[in-house]
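Trainee: Structure file upload_3.txt, compact mmCIF, C-alpha atoms and all ligand atoms, is pasted below:
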```txt
# COMPACT_ATOMS: atom_id res chain seq x y z
CA GLU A 171 -39.31 -2.13 6.92
CA HIS A 172 -38.28 0.11 9.81
CA PHE A 173 -35.52 -2.04 11.17
CA ALA A 174 -32.11 -2.27 9.61
CA ARG A 175 -31.25 -5.82 8.76
CA LYS A 176 -27.59 -6.69 8.95
CA THR A 177 -26.46 -8.98 6.21
CA GLY A 178 -23.13 -10.25 4.94
CA CYS A 179 -20.84 -12.92 6.30
CA LEU A 180 -19.19 -10.49 8.73
CA ALA A 181 -22.38 -8.95 10.12
CA GLY A 182 -21.91 -8.00 13.76
CA LYS A 183 -18.13 -8.48 13.66
CA LYS A 184 -15.68 -5.76 14.64
CA VAL A 185 -12.73 -5.76 12.27
CA LEU A 186 -9.53 -3.82 12.90
CA ILE A 187 -7.34 -3.30 9.83
CA THR A 188 -3.96 -1.60 9.52
CA ALA A 189 -2.78 -0.35 6.15
CA GLY A 190 -0.11 1.64 4.38
CA PRO A 191 3.48 2.45 5.18
CA THR A 192 4.84 4.23 8.22
CA GLN A 193 7.14 7.24 8.16
CA GLU A 194 10.04 7.44 10.58
CA LYS A 195 11.32 10.94 11.17
CA ILE A 196 14.97 11.88 10.73
CA ASP A 197 14.63 15.65 11.10
CA PRO A 198 11.90 18.21 10.29
CA VAL A 199 12.33 17.67 6.52
CA ARG A 200 13.35 14.03 6.12
CA TYR A 201 12.01 10.55 6.91
CA PHE A 202 12.43 6.86 6.17
CA THR A 203 9.53 4.96 4.62
CA ASN A 204 8.73 2.10 2.21
CA HIS A 205 6.83 1.51 -1.04
CA SER A 206 3.50 0.47 0.49
CA SER A 207 0.55 2.21 -1.20
CA GLY A 208 -2.06 1.06 1.31
CA LYS A 209 -4.21 -0.35 -1.51
CA MET A 210 -4.40 -3.90 -0.14
CA GLY A 211 -5.45 -2.78 3.34
CA TYR A 212 -7.98 -0.27 2.03
CA ALA A 213 -9.44 -2.95 -0.27
CA ILE A 214 -9.86 -5.25 2.73
CA ALA A 215 -11.53 -2.44 4.68
CA GLU A 216 -13.98 -1.88 1.81
CA ALA A 217 -14.67 -5.60 1.42
CA ALA A 218 -15.19 -6.11 5.17
CA LYS A 219 -17.59 -3.16 5.29
CA ALA A 220 -19.52 -4.61 2.33
CA GLU A 221 -19.82 -7.89 4.28
CA GLY A 222 -21.51 -6.06 7.15
CA ALA A 223 -18.57 -5.64 9.53
CA GLU A 224 -17.91 -2.64 11.74
CA VAL A 225 -14.53 -1.54 10.42
CA VAL A 226 -11.74 0.48 12.02
CA LEU A 227 -8.84 1.29 9.69
CA VAL A 228 -5.56 2.44 11.21
CA SER A 229 -3.74 3.93 8.27
CA GLY A 230 -0.25 5.21 7.66
CA PRO A 231 0.23 8.05 5.15
CA THR A 232 -1.49 7.23 1.84
CA SER A 233 -3.26 9.18 -0.89
CA LEU A 234 -6.26 6.83 -0.88
CA GLN A 235 -9.85 7.68 -0.15
CA VAL A 236 -11.31 6.08 2.95
CA PRO A 237 -14.14 3.66 2.03
CA ASN A 238 -17.63 4.82 3.02
CA GLY A 239 -18.69 3.97 6.55
CA VAL A 240 -15.19 2.96 7.66
CA HIS A 241 -13.81 4.60 10.80
CA VAL A 242 -10.28 5.76 10.07
CA GLU A 243 -7.42 6.62 12.42
CA LYS A 244 -4.55 8.29 10.56
CA VAL A 245 -1.08 7.76 11.90
CA ILE A 246 2.47 8.52 10.82
CA SER A 247 5.07 6.40 12.62
CA ALA A 248 5.26 2.77 13.72
CA GLN A 249 4.95 3.95 17.31
CA ASP A 250 1.74 5.94 16.46
CA MET A 251 0.35 2.91 14.65
CA TYR A 252 1.10 0.69 17.63
CA GLU A 253 -0.66 3.05 20.04
CA LYS A 254 -3.79 3.45 17.88
CA ALA A 255 -4.00 -0.23 16.98
CA ILE A 256 -3.69 -1.31 20.62
CA GLU A 257 -6.48 1.14 21.54
CA HIS A 258 -8.88 -0.75 19.26
CA PHE A 259 -7.46 -4.24 19.82
CA GLN A 260 -9.49 -5.38 22.85
CA LYS A 261 -12.84 -4.72 21.19
CA ALA A 262 -11.93 -6.33 17.86
CA ASP A 263 -13.14 -9.77 16.77
CA ILE A 264 -10.79 -9.89 13.79
CA VAL A 265 -7.48 -8.05 13.32
CA ILE A 266 -5.91 -7.83 9.85
CA LYS A 267 -2.44 -6.32 9.74
CA ALA A 268 -1.82 -5.31 6.14
CA ALA A 269 0.42 -2.35 7.04
CA ALA A 270 4.07 -2.27 6.01
CA VAL A 271 5.43 -1.17 9.35
CA ALA A 272 8.98 0.16 9.45
CA ASP A 273 11.24 -2.28 11.30
CA TYR A 274 13.76 0.43 12.18
CA ARG A 275 13.64 4.12 13.00
CA PRO A 276 16.41 6.65 13.64
CA SER A 277 17.60 6.31 17.24
CA GLU A 278 17.57 10.08 17.56
CA VAL A 279 15.39 12.63 15.80
CA TYR A 280 17.00 15.97 15.06
CA THR A 281 14.79 18.85 16.19
CA GLN A 282 16.40 21.18 13.64
CA LYS A 283 17.04 20.50 9.98
CA ARG A 284 20.34 18.70 9.66
CA LYS A 285 22.65 20.85 7.48
CA LYS A 286 24.80 19.10 4.94
CA GLN A 287 28.44 18.73 5.83
CA PRO A 288 31.56 17.51 4.09
CA GLY A 289 31.82 13.71 3.95
CA ASP A 290 29.28 10.94 4.53
CA TRP A 291 26.38 10.83 6.93
CA SER A 292 25.40 7.69 8.74
CA ILE A 293 22.27 7.37 10.80
CA LYS A 294 21.98 5.03 13.75
CA MET A 295 18.75 3.04 13.64
CA GLU A 296 16.86 1.20 16.37
CA ARG A 297 14.12 -1.41 16.17
CA THR A 298 10.47 -0.40 16.29
CA ILE A 299 7.97 -2.45 18.24
CA ASP A 300 6.48 -5.44 16.41
CA ILE A 301 2.78 -4.60 16.64
CA LEU A 302 1.53 -7.94 15.38
CA LYS A 303 3.83 -9.97 17.62
CA THR A 304 2.69 -7.95 20.64
CA MET A 305 -0.93 -8.66 19.70
CA GLY A 306 -0.14 -12.36 19.29
CA GLU A 307 1.28 -12.43 22.80
CA ASN A 308 -1.82 -10.74 24.22
CA LYS A 309 -4.44 -12.47 22.12
CA GLY A 310 -7.85 -13.21 23.64
CA LYS A 311 -10.91 -13.89 21.50
CA GLN A 312 -9.38 -12.08 18.51
CA LEU A 313 -8.69 -13.82 15.28
CA LEU A 314 -5.29 -12.54 14.19
CA VAL A 315 -4.32 -12.20 10.53
CA GLY A 316 -0.90 -11.06 9.36
CA PHE A 317 0.78 -10.42 6.06
CA ALA A 318 4.17 -11.66 4.96
CA ALA A 319 5.95 -9.49 2.42
CA GLU A 320 8.73 -11.63 0.99
CA SER A 321 11.10 -11.54 -1.95
CA GLU A 322 12.18 -15.21 -1.71
CA SER A 323 11.19 -18.49 0.02
CA VAL A 324 7.70 -17.04 0.42
CA GLU A 325 5.94 -20.08 1.86
CA GLU A 326 8.72 -21.00 4.27
CA TYR A 327 9.08 -17.47 5.70
CA ALA A 328 5.30 -17.01 5.89
CA LYS A 329 4.91 -20.23 7.91
CA LYS A 330 7.62 -19.04 10.30
CA LYS A 331 5.78 -15.75 10.82
CA LEU A 332 2.45 -17.56 11.35
CA GLN A 333 4.11 -19.52 14.19
CA SER A 334 6.33 -16.88 15.75
CA LYS A 335 3.61 -14.21 15.87
CA ASN A 336 0.91 -16.61 17.09
CA LEU A 337 -1.40 -15.91 14.12
CA ASP A 338 -4.54 -17.70 12.94
CA LEU A 339 -3.94 -16.92 9.30
CA ILE A 340 -1.19 -15.37 7.23
CA VAL A 341 -1.43 -13.83 3.77
CA ALA A 342 1.83 -14.26 1.92
CA ASN A 343 2.90 -12.36 -1.14
CA ASN A 344 6.04 -12.22 -3.18
CA ILE A 345 6.50 -8.49 -3.46
CA THR A 346 8.93 -8.86 -6.37
CA ALA A 347 6.62 -10.95 -8.61
CA GLU A 348 5.09 -9.37 -11.71
CA GLY A 349 1.53 -8.25 -10.84
CA ALA A 350 2.10 -8.48 -7.09
CA GLY A 351 3.30 -6.27 -4.31
CA PHE A 352 3.14 -2.76 -2.98
CA LYS A 353 2.30 -0.36 -5.74
CA GLY A 354 -0.09 -1.87 -8.27
CA ASP A 355 -3.79 -2.67 -8.27
CA THR A 356 -3.27 -6.43 -8.40
CA ASN A 357 -1.73 -8.99 -6.11
CA ILE A 358 -0.76 -12.66 -6.09
CA ILE A 359 -1.41 -14.07 -2.65
CA MET A 360 -1.43 -17.32 -0.79
CA THR A 361 -3.18 -17.88 2.53
CA ILE A 362 -1.99 -20.29 5.21
CA THR A 363 -3.97 -21.02 8.36
CA LYS A 364 -2.86 -22.26 11.76
CA ASP A 365 -4.88 -25.45 11.22
CA GLY A 366 -3.01 -26.24 8.03
CA GLU A 367 -5.27 -25.02 5.22
CA GLN A 368 -3.27 -23.56 2.40
CA LYS A 369 -4.55 -21.75 -0.71
CA GLU A 370 -2.75 -20.26 -3.66
CA TYR A 371 -4.56 -17.69 -5.77
CA PRO A 372 -3.91 -16.47 -9.30
CA ILE A 373 -3.29 -12.82 -10.06
CA LEU A 374 -6.33 -10.86 -8.80
CA SER A 375 -7.32 -7.25 -8.33
CA LYS A 376 -6.61 -6.20 -4.74
CA ARG A 377 -10.38 -5.94 -4.20
CA GLU A 378 -10.88 -9.55 -5.36
CA ALA A 379 -7.91 -10.66 -3.28
CA ALA A 380 -9.55 -8.94 -0.31
CA ASN A 381 -12.70 -11.00 -0.83
CA CYS A 382 -10.68 -14.21 -0.96
CA ILE A 383 -8.87 -13.32 2.27
CA LEU A 384 -12.18 -12.60 4.02
CA GLN A 385 -13.69 -15.86 2.70
CA ASP A 386 -10.74 -17.82 4.10
CA ILE A 387 -11.11 -16.02 7.43
CA VAL A 388 -14.84 -16.83 7.56
CA SER A 389 -14.18 -20.51 6.72
CA TYR A 390 -11.56 -20.67 9.47
CA MET A 391 -13.99 -19.12 11.97
CA LYS A 392 -16.69 -21.62 11.01
CA ARG A 393 -14.28 -24.54 11.48
CA HIS A 394 -13.51 -23.20 14.95
CA GLY A 395 -17.09 -22.39 15.94
CA LYS A 396 -16.60 -18.62 16.00
N1 LIG B 401 4.46 -6.02 11.56
C1 LIG B 401 4.06 -5.31 12.69
N2 LIG B 401 4.96 -4.49 13.33
C2 LIG B 401 6.23 -4.38 12.88
C3 LIG B 401 6.65 -5.10 11.73
C4 LIG B 401 5.72 -5.92 11.09
O1 LIG B 401 2.91 -5.42 13.10
N3 LIG B 401 7.08 -3.56 13.52
C5 LIG B 401 3.49 -6.91 10.90
C6 LIG B 401 3.11 -6.49 9.49
O2 LIG B 401 2.01 -5.61 9.51
C7 LIG B 401 2.76 -7.82 8.84
C8 LIG B 401 3.62 -8.82 9.57
O3 LIG B 401 4.04 -8.18 10.78
O4 LIG B 401 1.41 -8.18 9.05
C9 LIG B 401 4.82 -9.28 8.81
O5 LIG B 401 5.57 -8.19 8.35
P1 LIG B 401 6.89 -8.46 7.55
O6 LIG B 401 7.58 -7.16 7.29
O7 LIG B 401 6.58 -9.36 6.38
O8 LIG B 401 7.72 -9.35 8.58
P2 LIG B 401 8.68 -9.01 9.79
O9 LIG B 401 8.18 -9.78 10.96
O10 LIG B 401 8.81 -7.53 9.98
O11 LIG B 401 10.07 -9.64 9.34
P3 LIG B 401 11.03 -9.23 8.11
O12 LIG B 401 10.66 -7.83 7.66
O13 LIG B 401 12.39 -9.32 8.67
O14 LIG B 401 10.76 -10.26 7.03
CA CA B 402 9.32 -6.07 8.26
```
Let me see the structure of the file written as structure tokens.
Mentor:
Amino acid sequence: EHFARKTGCLAGKKVLITAGPTQEKIDPVRYFTNHSSGKMGYAIAEAAKAEGAEVVLVSGPTSLQVPNGVHVEKVISAQDMYEKAIEHFQKADIVIKAAAVADYRPSEVYTQKRKKQPGDWSIKMERTIDILKTMGENKGKQLLVGFAAESESVEEYAKKKLQSKNLDLIVANNITAEGAGFKGDTNIIMTITKDGEQKEYPILSKREAANCILQDIVSYMKRHGK
């Protein structure tokens, strides 16, 4: 056969994924960040690629290897991630925001290393832009999928985020549960869709969890004729 046949349930779809933490600069030697490893987002990128999608991965700093055939854009800060993600947003059919974006960054960045001084040091912080919310406000054909990282009242908070960010689907996880969260190779997720479908999964490898998330996205698209 001399023609490439596209197979997989995401064949022909453009999928934009964000993954990993962001780093918010304090001075040339210091930054604020979080415990995200990027594993969940990278697993979704790999799974989407395996299902035939064209995948763009906007990734904060991680030590992970980029899955074969995935186009990666490496970024550092929440602002960088916003700019790169928005660049790819219009063309995307599906956007999956697995990144753990910093909510705050230092209001001022020191250009020189801040020398230690007697007494305490407090740093004034300002809000970063909410990338997902901005996308929700400017949504066209895109199917928008967010994550909710919670330590309590997981379902309740996730439903609020689904609404307030104008999402089609949200993946909720209790980041403090055994076998779930930022660092490990497993996760315990639940998915909630805008049209009221709700699924709870047992502990799964992040790669298996990625498949479940994609299956739920595909079912949602089918229900909505996409
Ligand atoms: N998110 C984003 N931009 C931000 C913060 C969060 O795009 N500046 C996205 C995350 O990628 C995730 C979703 O919003 O898909 C939810 O992130 P989460 O931290 O759980 O919720 P927040 O809305 O930031 O609220 P809070 O941290 O107060 O729970
Ligand atoms: Ca947050």
Trainee: Tell me, in Å to one decimal, how far atom CA of A:Asn204 is from atom CA of A:Met295.
Mentor: 15.2 Å
Trainee: Using all atoms listed in the file, find each residue with an atom at most 10 Å away from ligand CA 402 (chain B) and format the answer as a PyMOL selection string.
Mentor: chain A and resi 269-274+298+300+317-320
Trainee: Could you write out that same residue set with C-alpha atoms as a PDB file, in the coordinates of the input?
Mentor:
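Produced file result_25.pdb, reproduced below:
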```
ATOM      1  CA  ALA A 269       0.420  -2.350   7.040  1.00  0.00           C
ATOM      2  CA  ALA A 270       4.070  -2.270   6.010  1.00  0.00           C
ATOM      3  CA  VAL A 271       5.430  -1.170   9.350  1.00  0.00           C
ATOM      4  CA  ALA A 272       8.980   0.160   9.450  1.00  0.00           C
ATOM      5  CA  ASP A 273      11.240  -2.280  11.300  1.00  0.00           C
ATOM      6  CA  TYR A 274      13.760   0.430  12.180  1.00  0.00           C
ATOM      7  CA  THR A 298      10.470  -0.400  16.290  1.00  0.00           C
ATOM      8  CA  ASP A 300       6.480  -5.440  16.410  1.00  0.00           C
ATOM      9  CA  PHE A 317       0.780 -10.420   6.060  1.00  0.00           C
ATOM     10  CA  ALA A 318       4.170 -11.660   4.960  1.00  0.00           C
ATOM     11  CA  ALA A 319       5.950  -9.490   2.420  1.00  0.00           C
ATOM     12  CA  GLU A 320       8.730 -11.630   0.990  1.00  0.00           C
TER      13      GLU A 320
END
```
Trainee: Find the residue from A:Ile264, A:Pro288, A:Asn308, A:Thr346 that sits nearest to A:Tyr390; use all atoms listed in the file when measuring.
Mentor: A:Ile264
Trainee: So which residues touch A:Val279 within 9 Å, counting only C-alpha atoms, skipping near sequence neighbours fewer than 2 positions away, as number ranges by chain?
Mentor: A: 195-198, 276-277, 281-282
Trainee: Got a sec: who's within 8 Å of A:Val341, counting only C-alpha atoms, leaving out chain neighbours fewer than 4 positions off, as a ChimeraX atom specification?
Mentor: /A:315-318,328,359-362,383
Trainee: Of the candidates A:Val185, A:Val236, A:Thr177, A:Ala248, which one gets nearest to ligand LIG 401 (chain B) if we count only C-alpha atoms and all ligand atoms?
Mentor: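 Among the listed residues, the smallest separation from ligand LIG 401 (chain B) belongs to A:Ala248.
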Trainee: Nearest residue to ligand LIG 401 (chain B) out of A:Val245, A:Ala350, A:Ala255, A:Ala213, using all atoms listed in the file?
Mentor: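 Closest residue, counting all atoms listed in the file: A:Ala255.
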Trainee: Calculate how many Å separate atom CA of A:Ser206 from atom CA of A:Val240, rounding to one decimal.
Mentor: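 Separating atom CA of A:Ser206 from atom CA of A:Val240 is a distance of 20.2 Å.
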Trainee: For each of A:Gln312, A:Gln260, A:Asn343, A:Gln193, take the minimum atom-to-atom distance to ligand LIG 401 (chain B), counting only C-alpha atoms and all ligand atoms, then give the residue where this is smallest.
Mentor: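 Ranking A:Gln312, A:Gln260, A:Asn343, A:Gln193 by distance to ligand LIG 401 (chain B), first place goes to A:Asn343.
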Trainee: To one decimal place in Å, what is the distance between atom CA of A:Gly395 and atom CA of A:Leu186?
Mentor: 20.3 Å
Trainee: Tell me which of A:Gln235, A:Gln385, A:Ser207, A:Ser229 sits closest to A:Lys254, counting all atoms listed in the file.
Mentor: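 For A:Lys254, the nearest of the given residues is A:Ser229.
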Trainee: Which residue is closest to ligand LIG 401 (chain B)? Choose from A:Lys183, A:Lys309, A:Lys330, A:His258 and count only C-alpha atoms and all ligand atoms.
Mentor: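 Answer, going by the shortest atom-to-atom distance: A:Lys330.
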Trainee: Starting from the incomplete input, reconstruct N, CA and C atoms of stretch 204-224 of chain A and report them as a compact mmCIF listing (two decimals), in the frame of the given file.
Mentor:
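Result written to result.txt:
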```txt
# COMPACT_ATOMS: atom_id res chain seq x y z
N ASN A 204 8.63 3.21 3.15
CA ASN A 204 8.73 2.10 2.21
C ASN A 204 7.70 2.28 1.09
N HIS A 205 7.65 1.35 0.17
CA HIS A 205 6.83 1.51 -1.04
C HIS A 205 5.35 1.16 -0.87
N SER A 206 4.91 0.85 0.33
CA SER A 206 3.50 0.47 0.49
C SER A 206 2.57 1.59 0.04
N SER A 207 1.54 1.22 -0.73
CA SER A 207 0.55 2.21 -1.20
C SER A 207 -0.68 2.23 -0.30
N GLY A 208 -0.85 1.18 0.49
CA GLY A 208 -2.06 1.06 1.31
C GLY A 208 -3.23 0.41 0.59
N LYS A 209 -3.07 0.14 -0.71
CA LYS A 209 -4.21 -0.35 -1.51
C LYS A 209 -4.78 -1.67 -1.01
N MET A 210 -3.91 -2.59 -0.60
CA MET A 210 -4.40 -3.90 -0.14
C MET A 210 -5.24 -3.74 1.13
N GLY A 211 -4.72 -2.99 2.08
CA GLY A 211 -5.45 -2.78 3.34
C GLY A 211 -6.77 -2.05 3.15
N TYR A 212 -6.75 -1.03 2.30
CA TYR A 212 -7.98 -0.27 2.03
C TYR A 212 -9.01 -1.16 1.32
N ALA A 213 -8.53 -2.03 0.42
CA ALA A 213 -9.44 -2.95 -0.27
C ALA A 213 -10.08 -3.91 0.73
N ILE A 214 -9.31 -4.36 1.70
CA ILE A 214 -9.86 -5.25 2.73
C ILE A 214 -10.90 -4.50 3.58
N ALA A 215 -10.59 -3.25 3.90
CA ALA A 215 -11.53 -2.44 4.68
C ALA A 215 -12.86 -2.31 3.93
N GLU A 216 -12.77 -2.02 2.63
CA GLU A 216 -13.98 -1.88 1.81
C GLU A 216 -14.76 -3.20 1.73
N ALA A 217 -14.03 -4.29 1.53
CA ALA A 217 -14.67 -5.60 1.42
C ALA A 217 -15.32 -6.02 2.74
N ALA A 218 -14.65 -5.74 3.85
CA ALA A 218 -15.19 -6.11 5.17
C ALA A 218 -16.45 -5.31 5.47
N LYS A 219 -16.41 -4.03 5.11
CA LYS A 219 -17.59 -3.16 5.29
C LYS A 219 -18.76 -3.70 4.46
N ALA A 220 -18.47 -4.08 3.22
CA ALA A 220 -19.52 -4.61 2.33
C ALA A 220 -20.10 -5.91 2.87
N GLU A 221 -19.33 -6.64 3.67
CA GLU A 221 -19.82 -7.89 4.28
C GLU A 221 -20.48 -7.64 5.64
N GLY A 222 -20.73 -6.37 5.95
CA GLY A 222 -21.51 -6.06 7.15
C GLY A 222 -20.71 -5.83 8.42
N ALA A 223 -19.38 -5.83 8.33
CA ALA A 223 -18.57 -5.64 9.53
C ALA A 223 -18.55 -4.18 9.95
N GLU A 224 -18.21 -3.97 11.23
CA GLU A 224 -17.91 -2.64 11.74
C GLU A 224 -16.39 -2.50 11.61
```
